[in-house]
$ cat final_35.txt   # compact mmCIF, C-alpha atoms
# COMPACT_ATOMS: atom_id res chain seq x y z
CA MET A 1 -11.44 -43.41 2.71
CA ALA A 2 -8.19 -45.17 1.91
CA SER A 3 -9.72 -46.31 -1.37
CA LEU A 4 -9.72 -42.65 -2.47
CA LEU A 5 -5.93 -42.62 -2.36
CA PRO A 6 -3.93 -43.01 -5.56
CA ASP A 7 -1.37 -45.79 -5.89
CA ILE A 8 1.50 -43.32 -5.48
CA LEU A 9 1.03 -41.30 -2.30
CA PHE A 10 4.17 -39.18 -2.58
CA GLU A 11 7.11 -38.76 -4.92
CA VAL A 12 10.10 -36.45 -4.81
CA ARG A 13 13.45 -36.20 -6.57
CA ALA A 14 16.54 -34.27 -5.52
CA GLN A 15 20.25 -33.92 -5.87
CA ALA A 16 22.27 -34.59 -2.75
CA PRO A 17 23.65 -31.56 -0.92
CA ALA A 18 26.97 -30.18 -2.22
CA PRO A 19 29.62 -31.25 -2.98
CA SER A 20 27.88 -34.48 -4.03
CA LYS A 21 26.33 -34.72 -7.49
CA ASP A 22 24.36 -37.87 -6.69
CA PHE A 23 20.70 -37.96 -7.65
CA TYR A 24 17.93 -39.45 -5.50
CA GLN A 25 14.28 -40.38 -5.85
CA LEU A 26 11.87 -41.19 -3.06
CA LEU A 27 8.54 -42.81 -3.77
CA VAL A 28 5.85 -43.77 -1.26
CA ASN A 29 2.99 -45.95 -2.46
CA ARG A 30 0.21 -47.65 -0.53
CA THR A 31 2.38 -50.51 0.73
CA GLU A 32 6.05 -49.53 0.57
CA VAL A 33 8.72 -46.85 0.51
CA VAL A 34 11.08 -46.95 -2.48
CA PHE A 35 14.42 -45.13 -2.28
CA ARG A 36 16.49 -44.92 -5.49
CA TRP A 37 19.91 -43.40 -6.11
CA TRP A 38 22.25 -42.68 -8.98
CA LYS A 39 25.91 -42.11 -8.12
CA ILE A 40 27.48 -39.40 -10.26
CA SER A 41 31.22 -39.00 -9.93
CA LEU A 42 34.32 -38.26 -11.98
CA ARG A 43 36.35 -40.61 -9.80
CA SER A 44 37.29 -43.82 -11.60
CA GLU A 45 36.16 -46.12 -8.75
CA PHE A 46 32.54 -44.86 -9.06
CA ARG A 47 32.31 -44.72 -12.86
CA GLU A 48 30.92 -48.21 -13.09
CA ALA A 49 28.49 -47.73 -10.20
CA ARG A 50 24.98 -48.75 -11.15
CA PRO A 51 21.81 -47.11 -9.90
CA GLY A 52 20.50 -48.58 -6.68
CA GLU A 53 17.08 -49.19 -5.23
CA PHE A 54 15.93 -49.95 -1.72
CA LYS A 55 12.35 -51.02 -0.92
CA GLU A 56 10.80 -51.32 2.53
CA SER A 57 7.28 -51.82 3.80
CA HIS A 58 5.78 -48.93 5.74
CA ASP A 59 6.34 -50.73 9.05
CA ASP A 60 9.96 -51.54 8.21
CA PHE A 61 10.58 -47.92 7.20
CA LEU A 62 9.21 -46.70 10.54
CA ASP A 63 11.79 -48.98 12.26
CA ASP A 64 14.75 -47.91 10.07
CA PRO A 65 16.38 -44.80 11.59
CA SER A 66 19.39 -44.90 9.23
CA LEU A 67 17.20 -44.53 6.14
CA GLN A 68 15.15 -41.86 7.90
CA ILE A 69 18.31 -39.87 8.65
CA GLN A 70 19.45 -40.17 5.05
CA ILE A 71 16.06 -38.98 3.77
CA ALA A 72 16.06 -36.03 6.17
CA TYR A 73 19.58 -35.11 5.02
CA ILE A 74 18.75 -35.26 1.31
CA PHE A 75 15.11 -34.14 1.15
CA GLY A 76 14.77 -32.20 4.42
CA PRO A 77 13.06 -32.84 7.77
CA GLY A 78 9.66 -31.67 6.48
CA THR A 79 9.67 -34.38 3.83
CA LEU A 80 10.65 -36.98 6.41
CA ASP A 81 7.78 -35.92 8.69
CA HIS A 82 5.35 -36.16 5.78
CA ILE A 83 6.55 -39.66 4.86
CA LEU A 84 6.39 -40.83 8.48
CA ASN A 85 2.77 -39.63 8.63
CA LEU A 86 1.94 -41.45 5.39
CA CYS A 87 3.51 -44.66 6.69
CA GLN A 88 1.46 -44.35 9.90
CA GLY A 89 -1.75 -43.97 7.88
CA LYS A 90 -2.19 -40.26 8.60
CA PHE A 91 -3.40 -38.92 5.25
CA ASP A 92 -4.34 -35.32 4.55
CA PHE A 93 -7.37 -35.84 2.33
CA LEU A 94 -8.12 -32.12 2.11
CA ALA A 95 -4.76 -31.44 0.50
CA ARG A 96 -5.53 -34.04 -2.16
CA LEU A 97 -8.77 -32.42 -3.32
CA PRO A 98 -8.58 -30.66 -6.69
CA ASP A 99 -8.75 -26.85 -6.72
CA PRO A 100 -12.21 -26.57 -8.35
CA LEU A 101 -13.75 -28.75 -5.63
CA LEU A 102 -11.96 -26.83 -2.86
CA LEU A 103 -13.23 -23.56 -4.37
CA CYS A 104 -16.80 -24.83 -4.20
CA ILE A 105 -16.34 -25.72 -0.53
CA VAL A 106 -14.57 -22.47 0.39
CA ALA A 107 -17.28 -20.40 -1.32
CA TYR A 108 -19.71 -21.45 1.44
CA LEU A 109 -17.47 -20.22 4.28
CA ASP A 110 -17.97 -16.95 6.14
CA LEU A 111 -15.63 -14.10 5.21
CA GLU A 112 -13.76 -14.39 8.52
CA ASP A 113 -13.19 -18.08 7.93
CA ILE A 114 -11.90 -17.43 4.41
CA SER A 115 -9.37 -14.93 5.76
CA ARG A 116 -8.22 -17.48 8.37
CA LEU A 117 -8.03 -20.27 5.79
CA ALA A 118 -5.82 -18.09 3.59
CA GLN A 119 -3.23 -18.18 6.39
CA VAL A 120 -3.01 -21.99 6.46
CA SER A 121 -0.75 -22.55 3.45
CA HIS A 122 0.43 -21.03 0.18
CA ARG A 123 -2.11 -23.13 -1.70
CA PHE A 124 -5.03 -21.89 0.41
CA GLU A 125 -3.77 -18.32 0.21
CA ARG A 126 -3.78 -18.59 -3.58
CA LEU A 127 -7.26 -20.15 -3.59
CA CYS A 128 -8.76 -17.70 -1.09
CA ASN A 129 -7.53 -14.72 -3.10
CA SER A 130 -8.38 -16.13 -6.52
CA ASP A 131 -10.81 -14.41 -8.85
CA ASP A 132 -12.59 -17.75 -9.33
CA LEU A 133 -13.54 -17.92 -5.65
CA TRP A 134 -14.66 -14.31 -5.42
CA GLU A 135 -16.68 -14.62 -8.61
CA MET A 136 -18.53 -17.56 -7.05
CA ILE A 137 -19.10 -15.61 -3.83
CA VAL A 138 -20.41 -12.55 -5.69
CA GLN A 139 -22.74 -14.67 -7.81
CA ASN A 140 -24.03 -16.55 -4.74
CA LEU A 141 -24.68 -13.41 -2.69
CA CYS A 142 -25.60 -10.75 -5.20
CA GLY A 143 -28.17 -12.52 -7.32
CA GLN A 144 -28.52 -10.60 -10.59
CA ILE A 145 -25.21 -9.53 -12.12
CA THR A 146 -25.38 -7.63 -15.37
CA GLU A 147 -22.92 -8.04 -18.21
CA GLU A 148 -21.65 -4.54 -17.49
CA MET A 149 -20.97 -5.47 -13.86
CA THR A 150 -19.16 -8.62 -15.00
CA LYS A 151 -16.87 -6.60 -17.28
CA LEU A 152 -16.08 -4.19 -14.44
CA ALA A 153 -15.39 -7.08 -12.06
CA ARG A 154 -12.98 -8.64 -14.54
CA GLU A 155 -11.16 -5.32 -14.88
CA ILE A 156 -10.75 -4.58 -11.18
CA GLY A 157 -10.87 -8.16 -9.91
CA TRP A 158 -13.79 -10.01 -8.32
CA LYS A 159 -12.48 -9.63 -4.79
CA GLN A 160 -12.14 -5.85 -5.19
CA PHE A 161 -15.59 -5.79 -6.79
CA PHE A 162 -17.06 -7.63 -3.79
CA PHE A 163 -15.56 -5.28 -1.22
CA THR A 164 -16.43 -2.08 -3.09
CA ASN A 165 -19.57 -0.44 -1.72
CA LYS A 166 -22.59 0.13 -3.96
CA LEU A 167 -22.07 3.88 -4.37
CA GLN A 168 -18.49 3.40 -5.52
CA LEU A 169 -19.60 0.64 -7.90
CA GLN A 170 -22.26 2.87 -9.41
CA LEU A 171 -19.68 5.62 -9.88
CA GLN A 172 -17.22 3.22 -11.53
CA LEU A 173 -19.96 1.84 -13.81
CA ARG A 174 -20.96 5.39 -14.80
CA ARG A 175 -17.30 6.25 -15.63
CA ARG A 176 -16.99 3.04 -17.62
CA ARG A 177 -20.08 3.89 -19.65
CA GLN A 178 -18.73 7.37 -20.37
CA LYS A 179 -15.43 5.90 -21.61
CA GLU A 180 -17.25 3.50 -23.92
CA GLU A 181 -19.39 6.35 -25.32
CA ASP A 182 -16.35 8.54 -26.06
$ encode --input "final_35.txt" --output "structure tokens"
Amino acid sequence: MASLLPDILFEVRAQAPAPSKDFYQLLVNRTEVVFRWWKISLRSEFREARPGEFKESHDDFLDDPSLQIQIAYIFGPGTLDHILNLCQGKFDFLARLPDPLLLCIVAYLDLEDISRLAQVSHRFERLCNSDDLWEMIVQNLCGQITEEMTKLAREIGWKQFFFTNKLQLQLQLRRRRQKEED
């Protein structure tokens, strides 16, 4: 599974908390953690300061609390936790899957499971409520979908189309036909 990972596992850039204007970059690849900084100051003693770079292996990073504290201060504790997990070999492969592939997988879930999955993260909420997913679900479950039904679904949204009962759909299709005739 590790061969599925890209060379760069994680990358983030940020400005240090106020009042500092310093700029930082953190990069985690398969073998090391790279921490870069650019000192930005109007003070004469820092004008000639050059950018710096610090590289550590994953194991060395796990044993370096001072760098961990600095990363938590600049990038936040959530970022530090994520990097610690990466350095320990705990990869979230599901989060790395592209959206179209995740949509294909989610389309096979039960409706209750889709509603639970939507609560996991902002990404899954977006995917579970997307028209692309609900179009796939409707096409998988409903069999024959006419062009007229497709137009209606695009107007009201595929999720709304799915949860609308047949009588209401027939009424909406009839109204749509009348509008097109007028």
$ residues_around --input "final_35.txt" --residues "Lys21 in chain A" --least-positions-apart "4" --cutoff "9 Å" --atoms "only C-alpha atoms" --output "tab-separated table (two decimals) with C-alpha atoms, in the coordinates of the input"
chain	number	residue	atom	x	y	z
A	15	GLN	CA	20.25	-33.92	-5.87
A	16	ALA	CA	22.27	-34.59	-2.75
A	17	PRO	CA	23.65	-31.56	-0.92
A	39	LYS	CA	25.91	-42.11	-8.12
A	40	ILE	CA	27.48	-39.40	-10.26
A	41	SER	CA	31.22	-39.00	-9.93
$ axis_aligned_box --input "final_35.txt" --around "range 98-104 of chain A" --padding-each-side "4 Å" --output "AutoDock Vina command-line options"
--center_x -12.7 --center_y -27.1 --center_z -5.6 --size_x 16.2 --size_y 15.1 --size_z 13.5
$ atom_distance --input "final_35.txt" --atom1 "CA of Trp37 in chain A" --atom2 "CA of Pro51 in chain A"
5.6 Å
$ closest_atom_pairs --input "final_35.txt" --of "range 33-65 of chain A" --to "range 6-14 of chain A" --cutoff "12 Å" --atoms "all atoms listed in the file" --output "JSON lines"
{"residue": "A:Val33", "atom": "CA", "partner": "A:Phe10", "partner_atom": "CA", "distance": 9.4}
{"residue": "A:Val34", "atom": "CA", "partner": "A:Glu11", "partner_atom": "CA", "distance": 9.4}
{"residue": "A:Phe35", "atom": "CA", "partner": "A:Arg13", "partner_atom": "CA", "distance": 10.0}
{"residue": "A:Arg36", "atom": "CA", "partner": "A:Arg13", "partner_atom": "CA", "distance": 9.3}
{"residue": "A:Trp37", "atom": "CA", "partner": "A:Arg13", "partner_atom": "CA", "distance": 9.7}
{"residue": "A:Trp38", "atom": "CA", "partner": "A:Ala14", "partner_atom": "CA", "distance": 10.7}
$ residues_around --input "final_35.txt" --residues "Glu125 in chain A" --least-positions-apart "3" --cutoff "12 Å" --atoms "only C-alpha atoms" --output "tab-separated table (two decimals) with C-alpha atoms, keeping the file's coordinate frame"
chain	number	residue	atom	x	y	z
A	103	LEU	CA	-13.23	-23.56	-4.37
A	106	VAL	CA	-14.57	-22.47	0.39
A	114	ILE	CA	-11.90	-17.43	4.41
A	115	SER	CA	-9.37	-14.93	5.76
A	116	ARG	CA	-8.22	-17.48	8.37
A	117	LEU	CA	-8.03	-20.27	5.79
A	118	ALA	CA	-5.82	-18.09	3.59
A	119	GLN	CA	-3.23	-18.18	6.39
A	120	VAL	CA	-3.01	-21.99	6.46
A	121	SER	CA	-0.75	-22.55	3.45
A	122	HIS	CA	0.43	-21.03	0.18
A	128	CYS	CA	-8.76	-17.70	-1.09
A	129	ASN	CA	-7.53	-14.72	-3.10
A	130	SER	CA	-8.38	-16.13	-6.52
A	133	LEU	CA	-13.54	-17.92	-5.65
$ residues_near_point --input "final_35.txt" --point "(-23.1, 1.2, -11.0)" --cutoff "12 Å" --atoms "all atoms listed in the file" --output "PDB file with C-alpha atoms, in the frame of the given file"
ATOM      1  CA  ILE A 145     -25.210  -9.530 -12.120  1.00  0.00           C
ATOM      2  CA  THR A 146     -25.380  -7.630 -15.370  1.00  0.00           C
ATOM      3  CA  GLU A 147     -22.920  -8.040 -18.210  1.00  0.00           C
ATOM      4  CA  GLU A 148     -21.650  -4.540 -17.490  1.00  0.00           C
ATOM      5  CA  MET A 149     -20.970  -5.470 -13.860  1.00  0.00           C
ATOM      6  CA  THR A 150     -19.160  -8.620 -15.000  1.00  0.00           C
ATOM      7  CA  LYS A 151     -16.870  -6.600 -17.280  1.00  0.00           C
ATOM      8  CA  LEU A 152     -16.080  -4.190 -14.440  1.00  0.00           C
ATOM      9  CA  ALA A 153     -15.390  -7.080 -12.060  1.00  0.00           C
ATOM     10  CA  PHE A 161     -15.590  -5.790  -6.790  1.00  0.00           C
ATOM     11  CA  THR A 164     -16.430  -2.080  -3.090  1.00  0.00           C
ATOM     12  CA  ASN A 165     -19.570  -0.440  -1.720  1.00  0.00           C
ATOM     13  CA  LYS A 166     -22.590   0.130  -3.960  1.00  0.00           C
ATOM     14  CA  LEU A 167     -22.070   3.880  -4.370  1.00  0.00           C
ATOM     15  CA  GLN A 168     -18.490   3.400  -5.520  1.00  0.00           C
ATOM     16  CA  LEU A 169     -19.600   0.640  -7.900  1.00  0.00           C
ATOM     17  CA  GLN A 170     -22.260   2.870  -9.410  1.00  0.00           C
ATOM     18  CA  LEU A 171     -19.680   5.620  -9.880  1.00  0.00           C
ATOM     19  CA  GLN A 172     -17.220   3.220 -11.530  1.00  0.00           C
ATOM     20  CA  LEU A 173     -19.960   1.840 -13.810  1.00  0.00           C
ATOM     21  CA  ARG A 174     -20.960   5.390 -14.800  1.00  0.00           C
ATOM     22  CA  ARG A 175     -17.300   6.250 -15.630  1.00  0.00           C
ATOM     23  CA  ARG A 176     -16.990   3.040 -17.620  1.00  0.00           C
ATOM     24  CA  ARG A 177     -20.080   3.890 -19.650  1.00  0.00           C
TER      25      ARG A 177
END
$ atom_distance --input "final_35.txt" --atom1 "CA of Asn85 in chain A" --atom2 "CA of Leu62 in chain A"
9.8 Å
$ closest_residue --input "final_35.txt" --among "A:Asp131, A:Ser66, A:Asp22, A:Asn29" --to "Ala49 in chain A" --atoms "all atoms listed in the file"
A:Asp22
$ atom_distance --input "final_35.txt" --atom1 "CA of Asp60 in chain A" --atom2 "CA of Gln88 in chain A"
11.3 Å
$ residues_around --input "final_35.txt" --residues "Asp81 in chain A" --least-positions-apart "5" --cutoff "10 Å" --atoms "all atoms listed in the file" --output "list in words"
Gln68, Ala72, Gly76, Leu86 and Cys87 of chain A
$ closest_residue --input "final_35.txt" --among "A:Gly143, A:Met136, A:Ala107, A:Arg96" --to "Arg123 in chain A" --atoms "all atoms listed in the file"
A:Arg96
$ closest_residue --input "final_35.txt" --among "A:Trp134, A:Phe163, A:Phe124, A:Tyr24" --to "Leu94 in chain A" --atoms "only C-alpha atoms"
A:Phe124
$ decode --input "final_35.txt" --residues "range 158-172 of chain A" --atoms "all heavy atoms" --output "mmCIF file, in the first residue's frame"
data_model
loop_
_atom_site.group_PDB
_atom_site.id
_atom_site.type_symbol
_atom_site.label_atom_id
_atom_site.label_comp_id
_atom_site.auth_asym_id
_atom_site.auth_seq_id
_atom_site.Cartn_x
_atom_site.Cartn_y
_atom_site.Cartn_z
ATOM 1 N N TRP A 158 -30.727 16.324 -8.143
ATOM 2 C CA TRP A 158 -30.893 14.866 -8.169
ATOM 3 C C TRP A 158 -31.302 14.313 -6.815
ATOM 4 O O TRP A 158 -32.059 13.348 -6.726
ATOM 5 C CB TRP A 158 -29.624 14.195 -8.672
ATOM 6 C CG TRP A 158 -29.467 14.312 -10.154
ATOM 7 C CD1 TRP A 158 -28.734 15.240 -10.831
ATOM 8 C CD2 TRP A 158 -30.081 13.488 -11.146
ATOM 9 N NE1 TRP A 158 -28.852 15.045 -12.182
ATOM 10 C CE2 TRP A 158 -29.669 13.963 -12.407
ATOM 11 C CE3 TRP A 158 -30.937 12.395 -11.098
ATOM 12 C CZ2 TRP A 158 -30.070 13.387 -13.603
ATOM 13 C CZ3 TRP A 158 -31.345 11.815 -12.285
ATOM 14 C CH2 TRP A 158 -30.920 12.312 -13.521
ATOM 15 N N LYS A 159 -30.803 14.904 -5.742
ATOM 16 C CA LYS A 159 -31.163 14.410 -4.415
ATOM 17 C C LYS A 159 -32.651 14.660 -4.152
ATOM 18 O O LYS A 159 -33.366 13.773 -3.676
ATOM 19 C CB LYS A 159 -30.309 15.093 -3.343
ATOM 20 C CG LYS A 159 -30.544 14.549 -1.950
ATOM 21 C CD LYS A 159 -29.584 15.187 -0.955
ATOM 22 C CE LYS A 159 -29.816 14.629 0.432
ATOM 23 N NZ LYS A 159 -28.890 15.209 1.412
ATOM 24 N N GLN A 160 -33.120 15.870 -4.478
ATOM 25 C CA GLN A 160 -34.538 16.188 -4.316
ATOM 26 C C GLN A 160 -35.380 15.283 -5.203
ATOM 27 O O GLN A 160 -36.431 14.788 -4.791
ATOM 28 C CB GLN A 160 -34.787 17.665 -4.665
ATOM 29 C CG GLN A 160 -36.218 18.101 -4.518
ATOM 30 C CD GLN A 160 -36.673 18.101 -3.073
ATOM 31 O OE1 GLN A 160 -35.903 18.420 -2.175
ATOM 32 N NE2 GLN A 160 -37.914 17.744 -2.834
ATOM 33 N N PHE A 161 -34.909 15.029 -6.408
ATOM 34 C CA PHE A 161 -35.607 14.150 -7.348
ATOM 35 C C PHE A 161 -35.747 12.748 -6.750
ATOM 36 O O PHE A 161 -36.797 12.131 -6.830
ATOM 37 C CB PHE A 161 -34.827 14.102 -8.673
ATOM 38 C CG PHE A 161 -35.465 13.261 -9.739
ATOM 39 C CD1 PHE A 161 -36.469 13.773 -10.544
ATOM 40 C CD2 PHE A 161 -35.052 11.958 -9.950
ATOM 41 C CE1 PHE A 161 -37.054 13.008 -11.536
ATOM 42 C CE2 PHE A 161 -35.630 11.175 -10.925
ATOM 43 C CZ PHE A 161 -36.638 11.705 -11.733
ATOM 44 N N PHE A 162 -34.686 12.260 -6.143
ATOM 45 C CA PHE A 162 -34.690 10.915 -5.556
ATOM 46 C C PHE A 162 -35.714 10.803 -4.424
ATOM 47 O O PHE A 162 -36.423 9.810 -4.315
ATOM 48 C CB PHE A 162 -33.297 10.557 -5.035
ATOM 49 C CG PHE A 162 -33.224 9.208 -4.382
ATOM 50 C CD1 PHE A 162 -33.110 8.059 -5.146
ATOM 51 C CD2 PHE A 162 -33.273 9.077 -3.001
ATOM 52 C CE1 PHE A 162 -33.048 6.805 -4.552
ATOM 53 C CE2 PHE A 162 -33.209 7.832 -2.398
ATOM 54 C CZ PHE A 162 -33.103 6.701 -3.177
ATOM 55 N N PHE A 163 -35.773 11.819 -3.570
ATOM 56 C CA PHE A 163 -36.635 11.744 -2.402
ATOM 57 C C PHE A 163 -38.078 12.200 -2.661
ATOM 58 O O PHE A 163 -38.904 12.153 -1.765
ATOM 59 C CB PHE A 163 -36.036 12.538 -1.238
ATOM 60 C CG PHE A 163 -34.880 11.831 -0.592
ATOM 61 C CD1 PHE A 163 -33.582 12.276 -0.764
ATOM 62 C CD2 PHE A 163 -35.094 10.695 0.171
ATOM 63 C CE1 PHE A 163 -32.516 11.613 -0.169
ATOM 64 C CE2 PHE A 163 -34.035 10.031 0.769
ATOM 65 C CZ PHE A 163 -32.736 10.488 0.595
ATOM 66 N N THR A 164 -38.371 12.638 -3.862
ATOM 67 C CA THR A 164 -39.732 13.024 -4.208
ATOM 68 C C THR A 164 -40.506 11.776 -4.599
ATOM 69 O O THR A 164 -40.029 10.968 -5.398
ATOM 70 C CB THR A 164 -39.733 14.032 -5.378
ATOM 71 O OG1 THR A 164 -38.914 15.148 -5.014
ATOM 72 C CG2 THR A 164 -41.126 14.514 -5.691
ATOM 73 N N ASN A 165 -41.729 11.615 -4.047
ATOM 74 C CA ASN A 165 -42.479 10.403 -4.368
ATOM 75 C C ASN A 165 -43.006 10.456 -5.803
ATOM 76 O O ASN A 165 -43.025 11.501 -6.450
ATOM 77 C CB ASN A 165 -43.586 10.139 -3.342
ATOM 78 C CG ASN A 165 -44.717 11.135 -3.416
ATOM 79 O OD1 ASN A 165 -45.111 11.586 -4.483
ATOM 80 N ND2 ASN A 165 -45.251 11.490 -2.257
ATOM 81 N N LYS A 166 -43.430 9.327 -6.306
ATOM 82 C CA LYS A 166 -43.822 9.198 -7.715
ATOM 83 C C LYS A 166 -44.975 10.113 -8.093
ATOM 84 O O LYS A 166 -44.974 10.696 -9.166
ATOM 85 C CB LYS A 166 -44.184 7.753 -8.037
ATOM 86 C CG LYS A 166 -42.994 6.841 -8.086
ATOM 87 C CD LYS A 166 -43.394 5.441 -8.491
ATOM 88 C CE LYS A 166 -42.171 4.545 -8.521
ATOM 89 N NZ LYS A 166 -42.506 3.197 -8.963
ATOM 90 N N LEU A 167 -45.956 10.255 -7.213
ATOM 91 C CA LEU A 167 -47.098 11.118 -7.535
ATOM 92 C C LEU A 167 -46.657 12.573 -7.682
ATOM 93 O O LEU A 167 -47.087 13.268 -8.601
ATOM 94 C CB LEU A 167 -48.181 10.997 -6.453
ATOM 95 C CG LEU A 167 -48.935 9.666 -6.409
ATOM 96 C CD1 LEU A 167 -49.872 9.633 -5.212
ATOM 97 C CD2 LEU A 167 -49.694 9.442 -7.696
ATOM 98 N N GLN A 168 -45.818 13.027 -6.789
ATOM 99 C CA GLN A 168 -45.313 14.400 -6.885
ATOM 100 C C GLN A 168 -44.473 14.587 -8.146
ATOM 101 O O GLN A 168 -44.537 15.622 -8.794
ATOM 102 C CB GLN A 168 -44.502 14.756 -5.644
ATOM 103 C CG GLN A 168 -45.337 14.926 -4.399
ATOM 104 C CD GLN A 168 -44.484 15.159 -3.171
ATOM 105 O OE1 GLN A 168 -43.346 14.683 -3.087
ATOM 106 N NE2 GLN A 168 -45.023 15.896 -2.213
ATOM 107 N N LEU A 169 -43.670 13.579 -8.491
ATOM 108 C CA LEU A 169 -42.874 13.658 -9.717
ATOM 109 C C LEU A 169 -43.772 13.751 -10.943
ATOM 110 O O LEU A 169 -43.513 14.544 -11.851
ATOM 111 C CB LEU A 169 -41.941 12.450 -9.839
ATOM 112 C CG LEU A 169 -40.661 12.494 -9.039
ATOM 113 C CD1 LEU A 169 -39.881 11.200 -9.217
ATOM 114 C CD2 LEU A 169 -39.813 13.666 -9.441
ATOM 115 N N GLN A 170 -44.807 12.939 -10.986
ATOM 116 C CA GLN A 170 -45.720 12.982 -12.123
ATOM 117 C C GLN A 170 -46.379 14.356 -12.228
ATOM 118 O O GLN A 170 -46.518 14.903 -13.326
ATOM 119 C CB GLN A 170 -46.779 11.888 -12.002
ATOM 120 C CG GLN A 170 -46.233 10.500 -12.246
ATOM 121 C CD GLN A 170 -47.256 9.406 -11.953
ATOM 122 O OE1 GLN A 170 -48.345 9.676 -11.461
ATOM 123 N NE2 GLN A 170 -46.883 8.173 -12.270
ATOM 124 N N LEU A 171 -46.760 14.923 -11.110
ATOM 125 C CA LEU A 171 -47.358 16.252 -11.102
ATOM 126 C C LEU A 171 -46.364 17.296 -11.601
ATOM 127 O O LEU A 171 -46.712 18.149 -12.422
ATOM 128 C CB LEU A 171 -47.840 16.597 -9.689
ATOM 129 C CG LEU A 171 -48.474 17.970 -9.498
ATOM 130 C CD1 LEU A 171 -49.754 18.078 -10.332
ATOM 131 C CD2 LEU A 171 -48.777 18.207 -8.030
ATOM 132 N N GLN A 172 -45.134 17.230 -11.134
ATOM 133 C CA GLN A 172 -44.109 18.186 -11.575
ATOM 134 C C GLN A 172 -43.804 18.018 -13.060
ATOM 135 O O GLN A 172 -43.608 19.004 -13.774
ATOM 136 C CB GLN A 172 -42.839 18.028 -10.744
ATOM 137 C CG GLN A 172 -42.987 18.555 -9.334
ATOM 138 C CD GLN A 172 -41.713 18.409 -8.522
ATOM 139 O OE1 GLN A 172 -40.703 17.892 -8.996
ATOM 140 N NE2 GLN A 172 -41.757 18.881 -7.286
#
